[in-house]
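Below is one structure, written out as structure tokens, with a few remarks after it.
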4 protein chains.
Amino acid sequence: MSVSRQSAATRSRANTRGRLLTSGVQLFARHGLNGVTTHDIAREAGVASGTFYLHFSDKSALFHEIAVDTEARLRAHIEEATAYAADLRGAVRAEVEALFDFAEQNRDTIRILFGGDSGAAGSELLNAFATSIAEGRRRDIATGEMPLEIEPRVLSQALVGMLSRVLLWWIEDPDPVARETVIETLTRIQLSGTHPI
Amino acid sequence: MSVSRQSAATRSRANTRGRLLTSGVQLFARHGLNGVTTHDIAREAGVASGTFYLHFSDKSALFHEIAVDTEARLRAHIEEATAYAADLRGAVRAEVEALFDFAEQNRDTIRILFGGDSGAAGSELLNAFATSIAEGRRRDIATGEMPLEIEPRVLSQALVGMLSRVLLWWIEDPDPVARETVIETLTRIQLSGTHPI
Amino acid sequence: MSVSRQSAATRSRANTRGRLLTSGVQLFARHGLNGVTTHDIAREAGVASGTFYLHFSDKSALFHEIAVDTEARLRAHIEEATAYAADLRGAVRAEVEALFDFAEQNRDTIRILFGGDSGAAGSELLNAFATSIAEGRRRDIATGEMPLEIEPRVLSQALVGMLSRVLLWWIEDPDPVARETVIETLTRIQLSGTHPI
Amino acid sequence: MSVSRQSAATRSRANTRGRLLTSGVQLFARHGLNGVTTHDIAREAGVASGTFYLHFSDKSALFHEIAVDTEARLRAHIEEATAYAADLRGAVRAEVEALFDFAEQNRDTIRILFGGDSGAAGSELLNAFATSIAEGRRRDIATGEMPLEIEPRVLSQALVGMLSRVLLWWIEDPDPVARETVIETLTRIQLSGTHPI
DNA sequence: GATGAATGAGTATTCATTCAT
DNA sequence: TATGAATGAATACTCATTCAT
């Protein structure tokens with residue numbers, strides 16, 4: 001009984017915390033970090049305003065947790081998708097595909113992660129992502145397959161900027177251009193940009 | 001006498017206004033729109049807090065003026081630089097060069113223009129820039145020189161994201177990579193991304 | 001348990017709200033709408049300045065609530081007092097009596113209601129009051145009991161002005177003239193003004 | 001030459017002062033003491049904001065001067081009009097007539113004088129006016145022509161309230177009731193209220 | 001005298017955060 | 001744990017008033 005009571009309390013606590021997270025996601029996505037108050041979040045979650053501080057140390061802690069969590073999930077999603085890629089093109093395409101697939105299912109958190117308020121959080125993920133591509137290019141440079149003028153760090157930043165901007169642009173209104181087309185275009189740009197004949 | 005009296009006041013006014021603009025540029029670049037108060041700006045400019053409102057209707061008006069003004073100057077700078085480009089490669093290179101040249105001389109305002117608080121202001125400029133490249137690609141598509149899978153609108157967004165991110169990354173610490181290398185890399189990526197073969 | 005918890009908070013809230021209302025009444029009565037700040041009211045009520053806004057949307061909302069509430073209470077007071085008047089003289093006297101009786105118990109709110117900052121709120125009440133007298137005079141005009149030169153709308157305004165001014169004058173220092181004398185005088189003036197011969 | 005130059009300067013100064021007075025009258029009448037800034041007045045007068053303080057010590061000094069000046073002019077106007085009244089009815093009628101005549105020509109200053117912001121200034125005038133009537137009634141009381149229950153001070157306040165309210169009501173929109181009717185009505189009320197058969 | 005830029009105290013209002021219940 | 005009333009520092013913005021030119 002003591003056990004079941006405790007687990008009921010634990011479940012209730014987790015439930016409240018989850019509702020606050022959900023509210024934070026929705027509101028931050030729409031209005032940004034500074035356009036949302038802790039009262040807004042608590043009200044949206046259906047709890048009292050003081051309850052917020054039983055679960056998060058302050059507003060930016062919640063925001064940060066959302067960003068970090070989203071990053072981890074997105075990273076796992078991408079890793080899973082690219083585990084069995086046959087070749088470079090397959091890997092790049094799988095990565096881009098996973099990115100847009102995730103974004104389609106997680107518009108709000110993607111907006112938060114790449115919306116600018118997240119600081120480096122969003123970019124770091126793509127950074128790692130792009131760096132892995134750029135690193136591969138170092139070999140090409142070494143073997144002469146890529147001109148020396150393509151500096152890997154610049155390339156990495158360029159790819160990150162490209163992906164995050166197209167991502168945000170597309171999820172704002174996914175209708176105009178078919179997902180498949182976006183993915184194909186980005187894959188081609190990346191490959192041509194990194195691997196010119 | 002009346003003239004000199006008037007011009008003294010006018011000069012004083014313009015001077016104060018200029019100091020507020022300068023303070024705004026420095027503070028907005030460092031702390032963003034929401035990290036700065038009108039009192040901060042006034043104090044930094046060495047004037048009383050009420051003086052701010054003699055020159056700008058509110059904080060965002062000052063911010064907006066900085067962004068719009070920077071955009072106009074940057075646009076003029078780029079246009080001037082690309083007026084006499086011989087061919088496509090020359091034009092692209094001149095544009096990128098002008099962009100980084102301007103950014104080097106105007107780090108703070110560039111940070112403001114592309115920092116995210118400017119809304120569409122910064123992107124619109126690059127949009128026009130990138131669109132002109134992408135538009136050129138429509139012809140290539142029409143003439144079969146570019147695969148249909150390269151969607152112009154996606155390409156445009158990709159180029160804007162690439163340029164703005166590399167720009168912000170580079171001016172944060174221009175030492176690691178030589179300006180010339182950055183420019184050359186971006187030029188190549190753009191051309192290869194837009195003009196395969 | 002939940003009930004007592006809720007009622008404790010509710011009681012506390014109502015208490016604070018009441019203290020703010022009381023402070024508002026005292027300060028508005030003494031210094032008028034423009035001579036009082038929300039900080040003044042909060043300080044007088046012994047709460048923090050932000051607390052004011054948990055209970056009223058702004059200063060004029062509090063002022064308005066006081067005026068409207070006072071009007072309602074005064075109206076009820078007068079209606080109750082005149083319910084069983086036997087004739088015209090009795091009704092008029094009962095009304096005036098009720099007005100001064102109420103004013104004696106509610107000096108501050110009366111000052112607010114008729115002090116000029118209330119807009120039409122105070123006058124409307126007396127207007128209805130005076131109009132009912134003036135309307136009665138229309139019949140007298142129709143039946144020839146009152147000269148045509150007595151215009152009902154003018155009479156109504158005149159009675160309102162008379163009552164409100166004497167009221168404000170008297171509660172400022174009720175000693176000089178006995179309440180009974182004031183009431184009797186006003187009753188006579190009203191009747192003679194409206195019902196000559 | 002020195003004389004004429006001085007007189008030119010004096011004329012100019014008086015001119016500026018007059019324009020400020022005119023602007024003050026217009027703006028105070030429309031928006032009240034607290035709804036007008038010294039900048040508003042200066043702008044309306046076509047002078048610099050600092051100029052205001054060369055002519056008036058502060059905003060309330062201008063307001064007060066307008067009220068006092070209006071009172072003096074109105075007083076003179078009434079005295080002139082009643083100088084040759086034949087009997088009591090003639091005097092009362094002449095007074096009321098002069099009051100409305102003046103008000104019709106001086107709507108803005110009347111609004112200021114009786115608008116509530118003038119403190120006692122406006123009322124004092126009418127007070128003196130009404131007191132002179134009430135004083136006359138003391139004799140009637142002494143000689144038994146007026147019942148003792150009519151207390152002169154109350155009567156005085158009542159008449160002041162009546163006159164000032166009807167006055168403000170009427171000049172706000174003079175069309176509904178003909179001036180002649182208003183005057184006749186007020187005269188009758190005053191006489192019946194003070195001099196019942 | 002006149003100008004008008006500048007001052008800075010005053011006022012309203014918001015909101016992250018605390019704490020008694 | 002949860003509540004929600006209360007806090008008070010932070011911030012925006014106004015405006016009567018001064019003063020160098």
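We label chains A, B, ... in the order they appear in the structure tokens, count residues from 1 in each chain, and number ligands from 1 in the order shown.
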Fit result for chain A on chain D over all paired C-alpha atoms, given as a PDB file with C-alpha atoms, in the first residue's frame:
```
ATOM      1  CA  MET A   1      13.860 104.854 -31.197  1.00  0.00           C
ATOM      2  CA  SER A   2      14.749 103.248 -27.946  1.00  0.00           C
ATOM      3  CA  VAL A   3      11.236 103.902 -26.867  1.00  0.00           C
ATOM      4  CA  SER A   4       9.626 102.510 -29.972  1.00  0.00           C
ATOM      5  CA  ARG A   5      11.907  99.490 -29.873  1.00  0.00           C
ATOM      6  CA  GLN A   6      10.939  98.823 -26.302  1.00  0.00           C
ATOM      7  CA  SER A   7       7.277  99.187 -27.017  1.00  0.00           C
ATOM      8  CA  ALA A   8       7.657  96.844 -29.964  1.00  0.00           C
ATOM      9  CA  ALA A   9       9.235  94.299 -27.652  1.00  0.00           C
ATOM     10  CA  THR A  10       6.492  94.878 -25.126  1.00  0.00           C
ATOM     11  CA  ARG A  11       3.870  94.404 -27.769  1.00  0.00           C
ATOM     12  CA  SER A  12       5.529  91.240 -28.953  1.00  0.00           C
ATOM     13  CA  ARG A  13       5.685  89.919 -25.422  1.00  0.00           C
ATOM     14  CA  ALA A  14       2.051  90.694 -24.807  1.00  0.00           C
ATOM     15  CA  ASN A  15       1.206  89.038 -28.072  1.00  0.00           C
ATOM     16  CA  THR A  16       2.986  85.830 -27.139  1.00  0.00           C
ATOM     17  CA  ARG A  17       1.375  85.838 -23.739  1.00  0.00           C
ATOM     18  CA  GLY A  18      -2.015  86.335 -25.321  1.00  0.00           C
ATOM     19  CA  ARG A  19      -1.507  83.438 -27.691  1.00  0.00           C
ATOM     20  CA  LEU A  20      -0.582  81.184 -24.796  1.00  0.00           C
ATOM     21  CA  LEU A  21      -3.704  82.268 -22.950  1.00  0.00           C
ATOM     22  CA  THR A  22      -5.875  81.563 -25.957  1.00  0.00           C
ATOM     23  CA  SER A  23      -4.341  78.135 -26.442  1.00  0.00           C
ATOM     24  CA  GLY A  24      -4.736  77.358 -22.773  1.00  0.00           C
ATOM     25  CA  VAL A  25      -8.406  78.324 -22.892  1.00  0.00           C
ATOM     26  CA  GLN A  26      -9.123  76.100 -25.854  1.00  0.00           C
ATOM     27  CA  LEU A  27      -7.216  73.100 -24.584  1.00  0.00           C
ATOM     28  CA  PHE A  28      -8.258  73.285 -20.934  1.00  0.00           C
ATOM     29  CA  ALA A  29     -11.888  73.639 -21.984  1.00  0.00           C
ATOM     30  CA  ARG A  30     -11.700  70.509 -24.073  1.00  0.00           C
ATOM     31  CA  HIS A  31      -9.455  68.264 -21.993  1.00  0.00           C
ATOM     32  CA  GLY A  32      -9.344  69.641 -18.484  1.00  0.00           C
ATOM     33  CA  LEU A  33      -6.336  70.647 -16.408  1.00  0.00           C
ATOM     34  CA  ASN A  34      -4.818  67.165 -16.310  1.00  0.00           C
ATOM     35  CA  GLY A  35      -5.513  66.329 -19.923  1.00  0.00           C
ATOM     36  CA  VAL A  36      -3.270  69.080 -21.246  1.00  0.00           C
ATOM     37  CA  THR A  37       0.514  69.451 -21.165  1.00  0.00           C
ATOM     38  CA  THR A  38       2.512  72.637 -21.300  1.00  0.00           C
ATOM     39  CA  HIS A  39       3.934  71.353 -24.562  1.00  0.00           C
ATOM     40  CA  ASP A  40       0.438  71.099 -25.993  1.00  0.00           C
ATOM     41  CA  ILE A  41      -0.252  74.683 -25.077  1.00  0.00           C
ATOM     42  CA  ALA A  42       3.021  75.978 -26.488  1.00  0.00           C
ATOM     43  CA  ARG A  43       2.578  74.030 -29.711  1.00  0.00           C
ATOM     44  CA  GLU A  44      -0.973  75.283 -30.135  1.00  0.00           C
ATOM     45  CA  ALA A  45       0.270  78.824 -29.540  1.00  0.00           C
ATOM     46  CA  GLY A  46       3.028  78.373 -32.076  1.00  0.00           C
ATOM     47  CA  VAL A  47       5.873  79.034 -29.649  1.00  0.00           C
ATOM     48  CA  ALA A  48       8.677  76.912 -28.250  1.00  0.00           C
ATOM     49  CA  SER A  49       7.938  74.930 -25.127  1.00  0.00           C
ATOM     50  CA  GLY A  50      10.382  76.881 -23.005  1.00  0.00           C
ATOM     51  CA  THR A  51       8.598  80.102 -23.855  1.00  0.00           C
ATOM     52  CA  PHE A  52       5.673  79.028 -21.744  1.00  0.00           C
ATOM     53  CA  TYR A  53       7.740  79.566 -18.598  1.00  0.00           C
ATOM     54  CA  LEU A  54       8.703  83.079 -19.595  1.00  0.00           C
ATOM     55  CA  HIS A  55       5.078  84.044 -19.190  1.00  0.00           C
ATOM     56  CA  PHE A  56       3.633  81.736 -16.555  1.00  0.00           C
ATOM     57  CA  SER A  57       5.290  80.199 -13.563  1.00  0.00           C
ATOM     58  CA  ASP A  58       3.716  76.832 -14.261  1.00  0.00           C
ATOM     59  CA  LYS A  59       0.716  75.102 -15.754  1.00  0.00           C
ATOM     60  CA  SER A  60      -1.657  75.721 -12.884  1.00  0.00           C
ATOM     61  CA  ALA A  61      -0.712  79.406 -12.852  1.00  0.00           C
ATOM     62  CA  LEU A  62      -2.028  79.748 -16.365  1.00  0.00           C
ATOM     63  CA  PHE A  63      -5.123  77.810 -15.482  1.00  0.00           C
ATOM     64  CA  HIS A  64      -5.694  79.925 -12.413  1.00  0.00           C
ATOM     65  CA  GLU A  65      -5.206  83.128 -14.326  1.00  0.00           C
ATOM     66  CA  ILE A  66      -7.800  82.057 -16.858  1.00  0.00           C
ATOM     67  CA  ALA A  67     -10.269  81.216 -14.117  1.00  0.00           C
ATOM     68  CA  VAL A  68      -9.698  84.420 -12.172  1.00  0.00           C
ATOM     69  CA  ASP A  69      -9.835  86.561 -15.259  1.00  0.00           C
ATOM     70  CA  THR A  70     -12.987  84.912 -16.464  1.00  0.00           C
ATOM     71  CA  GLU A  71     -14.556  85.379 -13.085  1.00  0.00           C
ATOM     72  CA  ALA A  72     -13.745  89.085 -13.096  1.00  0.00           C
ATOM     73  CA  ARG A  73     -15.129  89.597 -16.561  1.00  0.00           C
ATOM     74  CA  LEU A  74     -18.256  87.653 -15.788  1.00  0.00           C
ATOM     75  CA  ARG A  75     -18.749  89.579 -12.577  1.00  0.00           C
ATOM     76  CA  ALA A  76     -18.436  92.882 -14.393  1.00  0.00           C
ATOM     77  CA  HIS A  77     -20.788  91.656 -17.070  1.00  0.00           C
ATOM     78  CA  ILE A  78     -23.418  90.747 -14.528  1.00  0.00           C
ATOM     79  CA  GLU A  79     -23.012  93.937 -12.525  1.00  0.00           C
ATOM     80  CA  GLU A  80     -23.398  96.009 -15.612  1.00  0.00           C
ATOM     81  CA  ALA A  81     -26.508  94.147 -16.641  1.00  0.00           C
ATOM     82  CA  THR A  82     -28.229  94.446 -13.284  1.00  0.00           C
ATOM     83  CA  ALA A  83     -27.356  98.047 -12.531  1.00  0.00           C
ATOM     84  CA  TYR A  84     -30.676  99.419 -13.594  1.00  0.00           C
ATOM     85  CA  ALA A  85     -33.080  96.642 -12.687  1.00  0.00           C
ATOM     86  CA  ALA A  86     -36.400  98.006 -11.583  1.00  0.00           C
ATOM     87  CA  ASP A  87     -37.533  95.299  -9.174  1.00  0.00           C
ATOM     88  CA  LEU A  88     -36.546  91.916  -7.749  1.00  0.00           C
ATOM     89  CA  ARG A  89     -37.852  89.948 -10.664  1.00  0.00           C
ATOM     90  CA  GLY A  90     -36.082  92.249 -13.045  1.00  0.00           C
ATOM     91  CA  ALA A  91     -32.839  91.900 -11.139  1.00  0.00           C
ATOM     92  CA  VAL A  92     -32.974  88.113 -11.019  1.00  0.00           C
ATOM     93  CA  ARG A  93     -33.874  87.878 -14.650  1.00  0.00           C
ATOM     94  CA  ALA A  94     -31.150  90.282 -15.652  1.00  0.00           C
ATOM     95  CA  GLU A  95     -28.615  88.310 -13.713  1.00  0.00           C
ATOM     96  CA  VAL A  96     -29.546  85.006 -15.254  1.00  0.00           C
ATOM     97  CA  GLU A  97     -29.729  86.629 -18.654  1.00  0.00           C
ATOM     98  CA  ALA A  98     -26.279  88.147 -18.248  1.00  0.00           C
ATOM     99  CA  LEU A  99     -24.905  84.808 -17.113  1.00  0.00           C
ATOM    100  CA  PHE A 100     -26.187  82.982 -20.157  1.00  0.00           C
ATOM    101  CA  ASP A 101     -25.308  85.807 -22.459  1.00  0.00           C
ATOM    102  CA  PHE A 102     -21.738  85.717 -21.224  1.00  0.00           C
ATOM    103  CA  ALA A 103     -21.632  81.933 -21.411  1.00  0.00           C
ATOM    104  CA  GLU A 104     -22.781  81.952 -24.992  1.00  0.00           C
ATOM    105  CA  GLN A 105     -19.926  84.267 -25.940  1.00  0.00           C
ATOM    106  CA  ASN A 106     -17.379  82.515 -23.732  1.00  0.00           C
ATOM    107  CA  ARG A 107     -18.100  78.826 -23.829  1.00  0.00           C
ATOM    108  CA  ASP A 108     -14.542  77.700 -23.312  1.00  0.00           C
ATOM    109  CA  THR A 109     -13.797  79.869 -20.330  1.00  0.00           C
ATOM    110  CA  ILE A 110     -17.137  78.991 -18.779  1.00  0.00           C
ATOM    111  CA  ARG A 111     -16.293  75.336 -19.097  1.00  0.00           C
ATOM    112  CA  ILE A 112     -13.028  76.036 -17.328  1.00  0.00           C
ATOM    113  CA  LEU A 113     -14.587  78.171 -14.620  1.00  0.00           C
ATOM    114  CA  PHE A 114     -17.319  75.704 -13.753  1.00  0.00           C
ATOM    115  CA  GLY A 115     -15.707  72.499 -14.933  1.00  0.00           C
ATOM    116  CA  GLY A 116     -14.527  71.296 -11.546  1.00  0.00           C
ATOM    117  CA  ASP A 117     -10.776  71.810 -11.945  1.00  0.00           C
ATOM    118  CA  SER A 118     -11.108  75.415 -10.902  1.00  0.00           C
ATOM    119  CA  GLY A 119     -11.662  74.498  -7.301  1.00  0.00           C
ATOM    120  CA  ALA A 120     -13.606  77.188  -5.573  1.00  0.00           C
ATOM    121  CA  ALA A 121     -12.910  79.841  -8.200  1.00  0.00           C
ATOM    122  CA  GLY A 122     -16.048  79.300 -10.233  1.00  0.00           C
ATOM    123  CA  SER A 123     -18.309  78.679  -7.324  1.00  0.00           C
ATOM    124  CA  GLU A 124     -17.189  81.720  -5.392  1.00  0.00           C
ATOM    125  CA  LEU A 125     -18.532  83.964  -8.035  1.00  0.00           C
ATOM    126  CA  LEU A 126     -21.899  82.280  -8.097  1.00  0.00           C
ATOM    127  CA  ASN A 127     -21.709  82.084  -4.370  1.00  0.00           C
ATOM    128  CA  ALA A 128     -21.509  85.830  -4.102  1.00  0.00           C
ATOM    129  CA  PHE A 129     -24.236  86.049  -6.667  1.00  0.00           C
ATOM    130  CA  ALA A 130     -26.515  83.623  -4.894  1.00  0.00           C
ATOM    131  CA  THR A 131     -25.690  84.967  -1.483  1.00  0.00           C
ATOM    132  CA  SER A 132     -26.945  88.343  -2.477  1.00  0.00           C
ATOM    133  CA  ILE A 133     -30.235  86.719  -3.336  1.00  0.00           C
ATOM    134  CA  ALA A 134     -30.245  84.701  -0.165  1.00  0.00           C
ATOM    135  CA  GLU A 135     -29.391  87.738   1.887  1.00  0.00           C
ATOM    136  CA  GLY A 136     -32.377  89.502   0.468  1.00  0.00           C
ATOM    137  CA  ARG A 137     -34.416  86.573   1.680  1.00  0.00           C
ATOM    138  CA  ARG A 138     -33.196  87.069   5.204  1.00  0.00           C
ATOM    139  CA  ARG A 139     -35.250  90.209   5.278  1.00  0.00           C
ATOM    140  CA  ASP A 140     -38.238  88.291   4.051  1.00  0.00           C
ATOM    141  CA  ILE A 141     -37.713  85.824   6.829  1.00  0.00           C
ATOM    142  CA  ALA A 142     -37.421  88.646   9.318  1.00  0.00           C
ATOM    143  CA  THR A 143     -40.588  90.206   8.003  1.00  0.00           C
ATOM    144  CA  GLY A 144     -42.315  86.851   7.927  1.00  0.00           C
ATOM    145  CA  GLU A 145     -42.560  86.657   4.182  1.00  0.00           C
ATOM    146  CA  MET A 146     -40.487  83.499   4.025  1.00  0.00           C
ATOM    147  CA  PRO A 147     -40.867  80.459   6.224  1.00  0.00           C
ATOM    148  CA  LEU A 148     -38.114  79.942   8.730  1.00  0.00           C
ATOM    149  CA  GLU A 149     -37.412  76.556   7.313  1.00  0.00           C
ATOM    150  CA  ILE A 150     -35.690  78.074   4.322  1.00  0.00           C
ATOM    151  CA  GLU A 151     -32.113  78.320   5.572  1.00  0.00           C
ATOM    152  CA  PRO A 152     -30.255  81.025   3.601  1.00  0.00           C
ATOM    153  CA  ARG A 153     -26.912  79.211   3.375  1.00  0.00           C
ATOM    154  CA  VAL A 154     -28.589  76.090   2.060  1.00  0.00           C
ATOM    155  CA  LEU A 155     -30.566  78.148  -0.382  1.00  0.00           C
ATOM    156  CA  SER A 156     -27.414  79.848  -1.551  1.00  0.00           C
ATOM    157  CA  GLN A 157     -25.669  76.545  -2.249  1.00  0.00           C
ATOM    158  CA  ALA A 158     -28.736  75.203  -3.949  1.00  0.00           C
ATOM    159  CA  LEU A 159     -28.951  78.147  -6.312  1.00  0.00           C
ATOM    160  CA  VAL A 160     -25.258  77.961  -7.130  1.00  0.00           C
ATOM    161  CA  GLY A 161     -25.534  74.261  -7.921  1.00  0.00           C
ATOM    162  CA  MET A 162     -28.582  74.844 -10.023  1.00  0.00           C
ATOM    163  CA  LEU A 163     -27.117  77.667 -12.075  1.00  0.00           C
ATOM    164  CA  SER A 164     -23.715  76.116 -12.689  1.00  0.00           C
ATOM    165  CA  ARG A 165     -25.116  72.761 -13.694  1.00  0.00           C
ATOM    166  CA  VAL A 166     -27.727  74.113 -16.059  1.00  0.00           C
ATOM    167  CA  LEU A 167     -25.121  76.435 -17.504  1.00  0.00           C
ATOM    168  CA  LEU A 168     -22.659  73.640 -18.266  1.00  0.00           C
ATOM    169  CA  TRP A 169     -25.382  71.408 -19.585  1.00  0.00           C
ATOM    170  CA  TRP A 170     -26.757  74.058 -21.875  1.00  0.00           C
ATOM    171  CA  ILE A 171     -23.530  75.326 -23.462  1.00  0.00           C
ATOM    172  CA  GLU A 172     -22.555  71.754 -24.260  1.00  0.00           C
ATOM    173  CA  ASP A 173     -25.417  71.700 -26.721  1.00  0.00           C
ATOM    174  CA  PRO A 174     -27.515  74.845 -26.787  1.00  0.00           C
ATOM    175  CA  ASP A 175     -29.895  73.677 -29.473  1.00  0.00           C
ATOM    176  CA  PRO A 176     -32.372  71.486 -27.623  1.00  0.00           C
ATOM    177  CA  VAL A 177     -33.816  74.225 -25.476  1.00  0.00           C
ATOM    178  CA  ALA A 178     -34.111  77.843 -26.505  1.00  0.00           C
ATOM    179  CA  ARG A 179     -32.005  80.237 -24.492  1.00  0.00           C
ATOM    180  CA  GLU A 180     -35.012  82.279 -23.648  1.00  0.00           C
ATOM    181  CA  THR A 181     -36.755  79.251 -22.202  1.00  0.00           C
ATOM    182  CA  VAL A 182     -33.772  78.307 -20.042  1.00  0.00           C
ATOM    183  CA  ILE A 183     -33.523  81.803 -18.687  1.00  0.00           C
ATOM    184  CA  GLU A 184     -37.203  82.067 -17.995  1.00  0.00           C
ATOM    185  CA  THR A 185     -37.276  78.686 -16.283  1.00  0.00           C
ATOM    186  CA  LEU A 186     -34.341  79.483 -14.047  1.00  0.00           C
ATOM    187  CA  THR A 187     -35.730  82.858 -13.153  1.00  0.00           C
ATOM    188  CA  ARG A 188     -39.017  81.323 -12.137  1.00  0.00           C
ATOM    189  CA  ILE A 189     -37.398  78.533 -10.135  1.00  0.00           C
ATOM    190  CA  GLN A 190     -35.262  81.024  -8.292  1.00  0.00           C
ATOM    191  CA  LEU A 191     -38.129  83.303  -7.519  1.00  0.00           C
ATOM    192  CA  SER A 192     -40.492  80.547  -6.508  1.00  0.00           C
ATOM    193  CA  GLY A 193     -37.762  78.856  -4.500  1.00  0.00           C
ATOM    194  CA  THR A 194     -36.846  81.999  -2.723  1.00  0.00           C
ATOM    195  CA  HIS A 195     -40.066  83.847  -2.702  1.00  0.00           C
ATOM    196  CA  PRO A 196     -43.015  81.551  -2.397  1.00  0.00           C
ATOM    197  CA  ILE A 197     -46.389  83.181  -2.122  1.00  0.00           C
TER     198      ILE A 197
END
```
Exercise for review: Identify every residue of chain E that has at least one atom within 8 Å of any atom of chain B, counting only C-alpha atoms (C1' of nucleotides), and report the result as a PyMOL selection string.
Suggested key: chain E and resi 4-8
Any chance you can output those residues with C-alpha atoms (C1' of nucleotides) as an mmCIF file, in the first residue's frame?
```cif
data_model
loop_
_atom_site.group_PDB
_atom_site.id
_atom_site.type_symbol
_atom_site.label_atom_id
_atom_site.label_comp_id
_atom_site.auth_asym_id
_atom_site.auth_seq_id
_atom_site.Cartn_x
_atom_site.Cartn_y
_atom_site.Cartn_z
ATOM 1 C "C1'" DG E 4 14.211 73.563 -28.109
ATOM 2 C "C1'" DA E 5 17.230 69.926 -26.487
ATOM 3 C "C1'" DA E 6 17.862 67.803 -22.321
ATOM 4 C "C1'" DT E 7 16.688 66.467 -17.701
ATOM 5 C "C1'" DG E 8 15.026 63.139 -14.211
#
```
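The residues of chain F lying at most 9 Å from chain D, with only C-alpha atoms (C1' of nucleotides) taken into account, are DC15, DA16, DT17 and DT18 of chain F.
Take atom C1' of DA16 of chain E and atom C1' of DT11 of chain F: the distance between them is 13.6 Å.
Counting from atom C1' of DT1 of chain F, the distance to atom C1' of DT14 of chain E is 28.2 Å.
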